[in-house]
file final02.pdb (PDB, C-alpha atoms)
ATOM      1  CA  MET S   1      28.615   4.824 -11.135
ATOM      2  CA  PHE S   2      27.957   1.201 -10.156
ATOM      3  CA  GLN S   3      26.970   0.798  -6.520
ATOM      4  CA  LEU S   4      27.371  -2.541  -4.800
ATOM      5  CA  VAL S   5      24.278  -2.786  -2.622
ATOM      6  CA  LYS S   6      23.109  -5.558  -0.356
ATOM      7  CA  GLU S   7      19.572  -5.634  -1.761
ATOM      8  CA  ARG S   8      18.068  -4.135  -4.895
ATOM      9  CA  ILE S   9      14.324  -3.636  -5.343
ATOM     10  CA  VAL S  10      13.026  -3.099  -8.891
ATOM     11  CA  LYS S  11       9.470  -1.793  -9.133
ATOM     12  CA  LYS S  12       7.020  -2.053 -12.040
ATOM     13  CA  TRP S  13       9.265  -4.264 -14.187
ATOM     14  CA  PRO S  14       7.330  -4.970 -17.418
ATOM     15  CA  ILE S  15       6.407  -8.603 -18.026
ATOM     16  CA  THR S  16       4.628 -10.169 -20.975
ATOM     17  CA  ILE S  17       2.568 -13.271 -20.316
ATOM     18  CA  ALA S  18       1.953 -15.407 -23.422
ATOM     19  CA  VAL S  19      -1.269 -17.433 -23.350
ATOM     20  CA  PRO S  20      -1.908 -20.004 -26.096
ATOM     21  CA  MET S  21      -5.237 -19.725 -27.885
ATOM     22  CA  ASP S  22      -7.127 -21.864 -30.400
ATOM     23  CA  GLY S  23      -5.669 -22.235 -33.870
ATOM     24  CA  GLY S  24      -2.058 -21.780 -32.810
ATOM     25  CA  LYS S  25      -2.529 -18.162 -31.819
ATOM     26  CA  VAL S  26      -1.007 -16.543 -28.752
ATOM     27  CA  GLN S  27      -2.554 -13.780 -26.677
ATOM     28  CA  THR S  28      -0.026 -11.570 -24.914
ATOM     29  CA  CYS S  29      -0.896  -9.879 -21.640
ATOM     30  CA  ASP S  30       1.241  -7.089 -20.210
ATOM     31  CA  ILE S  31       1.672  -6.862 -16.446
ATOM     32  CA  THR S  32       4.279  -5.413 -14.109
ATOM     33  CA  LEU S  33       6.002  -7.080 -11.190
ATOM     34  CA  ASP S  34       7.999  -5.632  -8.308
ATOM     35  CA  PHE S  35      11.125  -7.732  -7.754
ATOM     36  CA  LYS S  36      13.710  -8.176  -5.053
ATOM     37  CA  LEU S  37      16.904  -9.070  -6.901
ATOM     38  CA  VAL S  38      18.724 -11.594  -4.736
ATOM     39  CA  ASN S  39      22.441 -12.355  -4.862
ATOM     40  CA  SER S  40      23.825 -15.147  -7.041
ATOM     41  CA  ASP S  41      24.123 -17.700  -4.232
ATOM     42  CA  GLU S  42      20.560 -17.094  -3.055
ATOM     43  CA  PHE S  43      19.209 -17.322  -6.602
ATOM     44  CA  ARG S  44      20.966 -20.658  -7.204
ATOM     45  CA  LYS S  45      19.468 -21.992  -3.971
ATOM     46  CA  LEU S  46      15.969 -20.698  -4.753
ATOM     47  CA  SER S  47      16.067 -21.952  -8.334
ATOM     48  CA  THR S  48      16.210 -25.531  -7.049
ATOM     49  CA  GLU S  49      12.985 -24.947  -5.097
ATOM     50  CA  SER S  50       9.398 -24.818  -6.361
ATOM     51  CA  ASP S  51       8.107 -21.876  -8.386
ATOM     52  CA  SER S  52       6.010 -20.872  -5.361
ATOM     53  CA  LYS S  53       9.080 -20.729  -3.110
ATOM     54  CA  LEU S  54      11.178 -18.802  -5.637
ATOM     55  CA  PHE S  55       8.509 -16.233  -6.412
ATOM     56  CA  SER S  56       7.403 -15.852  -2.786
ATOM     57  CA  GLU S  57      10.940 -14.626  -2.100
ATOM     58  CA  VAL S  58      11.479 -12.375  -5.122
ATOM     59  CA  VAL S  59       8.042 -11.014  -6.158
ATOM     60  CA  LEU S  60       6.979  -8.147  -3.905
ATOM     61  CA  GLY S  61       3.975  -6.798  -5.796
ATOM     62  CA  TRP S  62       2.166  -6.624  -9.128
ATOM     63  CA  SER S  63      -0.236  -4.751 -11.333
ATOM     64  CA  GLY S  64      -2.250  -5.769 -14.371
ATOM     65  CA  ILE S  65      -3.464  -9.134 -13.060
ATOM     66  CA  HIS S  66      -7.228  -9.702 -12.942
ATOM     67  CA  ASP S  67      -9.514 -12.471 -11.722
ATOM     68  CA  GLU S  68     -11.980 -14.430 -13.859
ATOM     69  CA  HIS S  69     -14.530 -11.600 -13.440
ATOM     70  CA  ASP S  70     -12.015  -9.057 -14.841
ATOM     71  CA  GLN S  71     -11.578  -7.436 -11.432
ATOM     72  CA  PRO S  72      -8.067  -6.348 -10.388
ATOM     73  CA  LEU S  73      -6.501  -9.106  -8.303
ATOM     74  CA  PRO S  74      -4.727  -7.695  -5.253
ATOM     75  CA  PHE S  75      -1.235  -8.895  -4.525
ATOM     76  CA  THR S  76      -1.411 -11.256  -1.540
ATOM     77  CA  PRO S  77       0.577 -14.363  -0.599
ATOM     78  CA  ASP S  78      -2.434 -16.551  -1.459
ATOM     79  CA  ASN S  79      -2.969 -14.893  -4.851
ATOM     80  CA  LEU S  80       0.741 -15.185  -5.636
ATOM     81  CA  ALA S  81       0.663 -18.889  -4.720
ATOM     82  CA  ALA S  82      -2.321 -19.350  -7.051
ATOM     83  CA  ALA S  83      -0.526 -17.497  -9.869
ATOM     84  CA  CYS S  84       2.503 -19.747  -9.352
ATOM     85  CA  GLN S  85       0.315 -22.732 -10.262
ATOM     86  CA  ASN S  86      -0.189 -21.217 -13.726
ATOM     87  CA  GLN S  87       2.655 -22.135 -16.083
ATOM     88  CA  HIS S  88       2.050 -19.079 -18.288
ATOM     89  CA  PHE S  89       2.524 -16.759 -15.312
ATOM     90  CA  THR S  90       5.653 -18.538 -14.077
ATOM     91  CA  ALA S  91       7.243 -18.653 -17.547
ATOM     92  CA  GLY S  92       6.702 -14.919 -18.073
ATOM     93  CA  ALA S  93       7.694 -13.999 -14.518
ATOM     94  CA  LEU S  94      10.904 -16.023 -14.687
ATOM     95  CA  GLN S  95      11.837 -14.551 -18.045
ATOM     96  CA  GLY S  96      11.196 -11.052 -16.679
ATOM     97  CA  TYR S  97      13.162 -11.720 -13.505
ATOM     98  CA  MET S  98      16.143 -12.963 -15.512
ATOM     99  CA  LYS S  99      16.032  -9.809 -17.641
ATOM    100  CA  ALA S 100      15.875  -7.654 -14.509
ATOM    101  CA  MET S 101      18.811  -9.532 -12.946
ATOM    102  CA  SER S 102      20.919  -9.144 -16.078
ATOM    103  CA  GLY S 103      19.923  -5.526 -16.635
ATOM    104  CA  VAL S 104      18.294  -6.213 -20.006
ATOM    105  CA  ALA S 105      15.496  -3.719 -20.408
ATOM    106  CA  SER S 106      12.233  -4.918 -21.870
ATOM    107  CA  THR S 107      11.357  -3.192 -25.119
ATOM    108  CA  LYS S 108       7.879  -2.568 -26.437
ATOM    109  CA  ASN S 109       6.850  -1.460 -29.901
ATOM    110  CA  SER S 110       4.857   1.740 -29.796
TER     111      SER S 110
END

call {"tool": "encode", "arguments": {"input": "final02.pdb", "output": "structure tokens"}}
result
Amino acid sequence: MFQLVKERIVKKWPITIAVPMDGGKVQTCDITLDFKLVNSDEFRKLSTESDSKLFSEVVLGWSGIHDEHDQPLPFTPDNLAAACQNQHFTAGALQGYMKAMSGVASTKNS
């Protein structure tokens, strides 16, 4: 049964971050994000804003992100703002958010 709810929170949505490497190779990094799925009007409004503004509204948490010393990076507003300055993070996060909004499950090969 479909339930029309005011706000939907999706936790541990799988995201793949693609990072270009030397020689035309790509390293993929799997993380998870917790999303607040906003309504269509709110998404249209936020999508005209900066990546930092959009993701500060819709990303509620994460796992699988580490700092340059390979230590787990806690989810904080400052760390999210820093991640939003990285185009690889924002590309993967936006793609994952769009899949979550449309109900398209991420698939992984075992």

call {"tool": "closest_residue", "arguments": {"input": "final02.pdb", "among": "S:Glu42, S:Asp22, S:Asp34, S:Glu49", "to": "Val10 in chain S", "atoms": "only C-alpha atoms"}}
result
S:Asp34

call {"tool": "residues_around", "arguments": {"input": "final02.pdb", "residues": "range 66-81 of chain S", "least_positions_apart": "6", "cutoff": "9 Å", "atoms": "only C-alpha atoms", "output": "compact mmCIF listing (two decimals) with C-alpha atoms, keeping the file's coordinate frame"}}
result
# COMPACT_ATOMS: atom_id res chain seq x y z
CA ASP S 51 8.11 -21.88 -8.39
CA SER S 52 6.01 -20.87 -5.36
CA LYS S 53 9.08 -20.73 -3.11
CA PHE S 55 8.51 -16.23 -6.41
CA SER S 56 7.40 -15.85 -2.79
CA VAL S 59 8.04 -11.01 -6.16
CA LEU S 60 6.98 -8.15 -3.90

call {"tool": "closest_residue", "arguments": {"input": "final02.pdb", "among": "S:Asn86, S:Ala93, S:Val19, S:Val5", "to": "Thr32 in chain S", "atoms": "only C-alpha atoms"}}
result
S:Ala93

call {"tool": "axis_aligned_box", "arguments": {"input": "final02.pdb", "around": "range 31-41 of chain S", "padding_each_side": "4 Å", "output": "JSON"}}
result
{"center_x": 12.9, "center_y": -11.6, "center_z": -10.3, "size_x": 30.5, "size_y": 20.3, "size_z": 20.2}

call {"tool": "residues_around", "arguments": {"input": "final02.pdb", "residues": "Lys12 in chain S", "least_positions_apart": "6", "cutoff": "12 Å", "atoms": "only C-alpha atoms", "output": "PDB file with C-alpha atoms, in the coordinates of the input"}}
result
ATOM      1  CA  ASP S  30       1.241  -7.089 -20.210  1.00  0.00           C
ATOM      2  CA  ILE S  31       1.672  -6.862 -16.446  1.00  0.00           C
ATOM      3  CA  THR S  32       4.279  -5.413 -14.109  1.00  0.00           C
ATOM      4  CA  LEU S  33       6.002  -7.080 -11.190  1.00  0.00           C
ATOM      5  CA  ASP S  34       7.999  -5.632  -8.308  1.00  0.00           C
ATOM      6  CA  PHE S  35      11.125  -7.732  -7.754  1.00  0.00           C
ATOM      7  CA  LYS S  36      13.710  -8.176  -5.053  1.00  0.00           C
ATOM      8  CA  VAL S  59       8.042 -11.014  -6.158  1.00  0.00           C
ATOM      9  CA  LEU S  60       6.979  -8.147  -3.905  1.00  0.00           C
ATOM     10  CA  GLY S  61       3.975  -6.798  -5.796  1.00  0.00           C
ATOM     11  CA  TRP S  62       2.166  -6.624  -9.128  1.00  0.00           C
ATOM     12  CA  SER S  63      -0.236  -4.751 -11.333  1.00  0.00           C
ATOM     13  CA  GLY S  64      -2.250  -5.769 -14.371  1.00  0.00           C
ATOM     14  CA  GLY S  96      11.196 -11.052 -16.679  1.00  0.00           C
ATOM     15  CA  TYR S  97      13.162 -11.720 -13.505  1.00  0.00           C
ATOM     16  CA  ALA S 100      15.875  -7.654 -14.509  1.00  0.00           C
ATOM     17  CA  SER S 106      12.233  -4.918 -21.870  1.00  0.00           C
TER      18      SER S 106
END

call {"tool": "closest_residue", "arguments": {"input": "final02.pdb", "among": "S:Leu37, S:Cys29, S:Ala91, S:Met21", "to": "Glu7 in chain S", "atoms": "all atoms listed in the file"}}
result
S:Leu37

call {"tool": "atom_distance", "arguments": {"input": "final02.pdb", "atom1": "CA of Ala18 in chain S", "atom2": "CA of His88 in chain S"}}
result
6.3 Å

call {"tool": "atom_distance", "arguments": {"input": "final02.pdb", "atom1": "CA of Arg44 in chain S", "atom2": "CA of Thr90 in chain S"}}
result
16.9 Å

call {"tool": "closest_residue", "arguments": {"input": "final02.pdb", "among": "S:Gln95, S:Asn39, S:Gln87, S:Ser50", "to": "Leu4 in chain S", "atoms": "all atoms listed in the file"}}
result
S:Asn39

call {"tool": "closest_residue", "arguments": {"input": "final02.pdb", "among": "S:Phe43, S:Val26, S:Ile9, S:Gln3", "to": "Met98 in chain S", "atoms": "all atoms listed in the file"}}
result
S:Phe43

call {"tool": "atom_distance", "arguments": {"input": "final02.pdb", "atom1": "CA of Leu54 in chain S", "atom2": "CA of Ser102 in chain S"}}
result
17.2 Å

call {"tool": "closest_residue", "arguments": {"input": "final02.pdb", "among": "S:Lys99, S:Val104, S:Ala83, S:Gly92", "to": "Ile15 in chain S", "atoms": "all atoms listed in the file"}}
result
S:Gly92

call {"tool": "build_atoms", "arguments": {"input": "final02.pdb", "residues": "range 62-73 of chain S", "atoms": "all heavy atoms", "output": "compact mmCIF listing (two decimals), keeping the file's coordinate frame"}}
result
# COMPACT_ATOMS: atom_id res chain seq x y z
N TRP S 62 2.50 -6.54 -7.71
CA TRP S 62 2.17 -6.62 -9.13
C TRP S 62 1.08 -5.64 -9.49
O TRP S 62 0.40 -5.08 -8.63
CB TRP S 62 1.77 -8.02 -9.53
CG TRP S 62 0.50 -8.61 -8.93
CD1 TRP S 62 -0.66 -7.95 -8.60
CD2 TRP S 62 0.26 -9.99 -8.64
NE1 TRP S 62 -1.60 -8.83 -8.11
CE2 TRP S 62 -1.06 -10.09 -8.13
CE3 TRP S 62 1.01 -11.13 -8.77
CZ2 TRP S 62 -1.61 -11.30 -7.75
CZ3 TRP S 62 0.45 -12.33 -8.38
CH2 TRP S 62 -0.84 -12.41 -7.87
N SER S 63 0.92 -5.46 -10.79
CA SER S 63 -0.24 -4.75 -11.33
C SER S 63 -0.55 -5.36 -12.69
O SER S 63 0.31 -5.96 -13.34
CB SER S 63 0.03 -3.24 -11.47
OG SER S 63 1.05 -3.01 -12.41
N GLY S 64 -1.82 -5.26 -13.08
CA GLY S 64 -2.25 -5.77 -14.37
C GLY S 64 -2.77 -7.19 -14.35
O GLY S 64 -3.06 -7.75 -15.41
N ILE S 65 -2.92 -7.77 -13.17
CA ILE S 65 -3.46 -9.13 -13.06
C ILE S 65 -4.91 -9.04 -12.57
O ILE S 65 -5.19 -8.32 -11.60
CB ILE S 65 -2.61 -10.00 -12.11
CG1 ILE S 65 -1.20 -10.14 -12.69
CG2 ILE S 65 -3.26 -11.37 -11.89
CD1 ILE S 65 -0.26 -10.96 -11.84
N HIS S 66 -5.80 -9.75 -13.26
CA HIS S 66 -7.23 -9.70 -12.94
C HIS S 66 -7.75 -11.11 -12.68
O HIS S 66 -7.17 -12.09 -13.12
CB HIS S 66 -7.99 -9.07 -14.11
CG HIS S 66 -7.65 -7.64 -14.31
ND1 HIS S 66 -6.52 -7.23 -14.97
CD2 HIS S 66 -8.29 -6.51 -13.93
CE1 HIS S 66 -6.46 -5.91 -14.98
NE2 HIS S 66 -7.53 -5.45 -14.36
N ASP S 67 -8.88 -11.17 -11.97
CA ASP S 67 -9.51 -12.47 -11.72
C ASP S 67 -10.42 -12.84 -12.90
O ASP S 67 -10.47 -12.13 -13.90
CB ASP S 67 -10.27 -12.47 -10.38
CG ASP S 67 -11.47 -11.53 -10.35
OD1 ASP S 67 -11.94 -11.07 -11.42
OD2 ASP S 67 -11.95 -11.24 -9.24
N GLU S 68 -11.12 -13.95 -12.77
CA GLU S 68 -11.98 -14.43 -13.86
C GLU S 68 -13.17 -13.52 -14.14
O GLU S 68 -13.83 -13.65 -15.16
CB GLU S 68 -12.45 -15.86 -13.59
CG GLU S 68 -13.36 -16.01 -12.40
CD GLU S 68 -12.63 -16.25 -11.07
OE1 GLU S 68 -11.40 -16.12 -11.01
OE2 GLU S 68 -13.33 -16.57 -10.09
N HIS S 69 -13.44 -12.57 -13.24
CA HIS S 69 -14.53 -11.60 -13.44
C HIS S 69 -13.99 -10.26 -13.92
O HIS S 69 -14.69 -9.25 -13.86
CB HIS S 69 -15.33 -11.42 -12.15
CG HIS S 69 -15.86 -12.71 -11.61
ND1 HIS S 69 -16.84 -13.45 -12.25
CD2 HIS S 69 -15.52 -13.42 -10.51
CE1 HIS S 69 -17.09 -14.55 -11.55
NE2 HIS S 69 -16.29 -14.56 -10.50
N ASP S 70 -12.71 -10.24 -14.34
CA ASP S 70 -12.02 -9.06 -14.84
C ASP S 70 -11.86 -7.97 -13.78
O ASP S 70 -11.79 -6.79 -14.11
CB ASP S 70 -12.70 -8.52 -16.10
CG ASP S 70 -11.73 -7.72 -16.97
OD1 ASP S 70 -10.50 -7.97 -16.89
OD2 ASP S 70 -12.18 -6.81 -17.69
N GLN S 71 -11.83 -8.37 -12.52
CA GLN S 71 -11.58 -7.44 -11.43
C GLN S 71 -10.09 -7.49 -11.07
O GLN S 71 -9.50 -8.56 -11.08
CB GLN S 71 -12.42 -7.80 -10.19
CG GLN S 71 -13.91 -7.70 -10.43
CD GLN S 71 -14.33 -6.30 -10.82
OE1 GLN S 71 -13.99 -5.32 -10.15
NE2 GLN S 71 -15.04 -6.19 -11.94
N PRO S 72 -9.48 -6.33 -10.78
CA PRO S 72 -8.07 -6.35 -10.39
C PRO S 72 -7.84 -7.30 -9.21
O PRO S 72 -8.60 -7.29 -8.24
CB PRO S 72 -7.79 -4.90 -9.98
CG PRO S 72 -8.83 -4.10 -10.70
CD PRO S 72 -10.05 -4.99 -10.76
N LEU S 73 -6.82 -8.13 -9.33
CA LEU S 73 -6.50 -9.11 -8.30
C LEU S 73 -5.42 -8.51 -7.40
O LEU S 73 -4.32 -8.23 -7.87
CB LEU S 73 -6.01 -10.40 -8.95
CG LEU S 73 -5.91 -11.62 -8.05
CD1 LEU S 73 -7.29 -12.04 -7.55
CD2 LEU S 73 -5.26 -12.77 -8.81
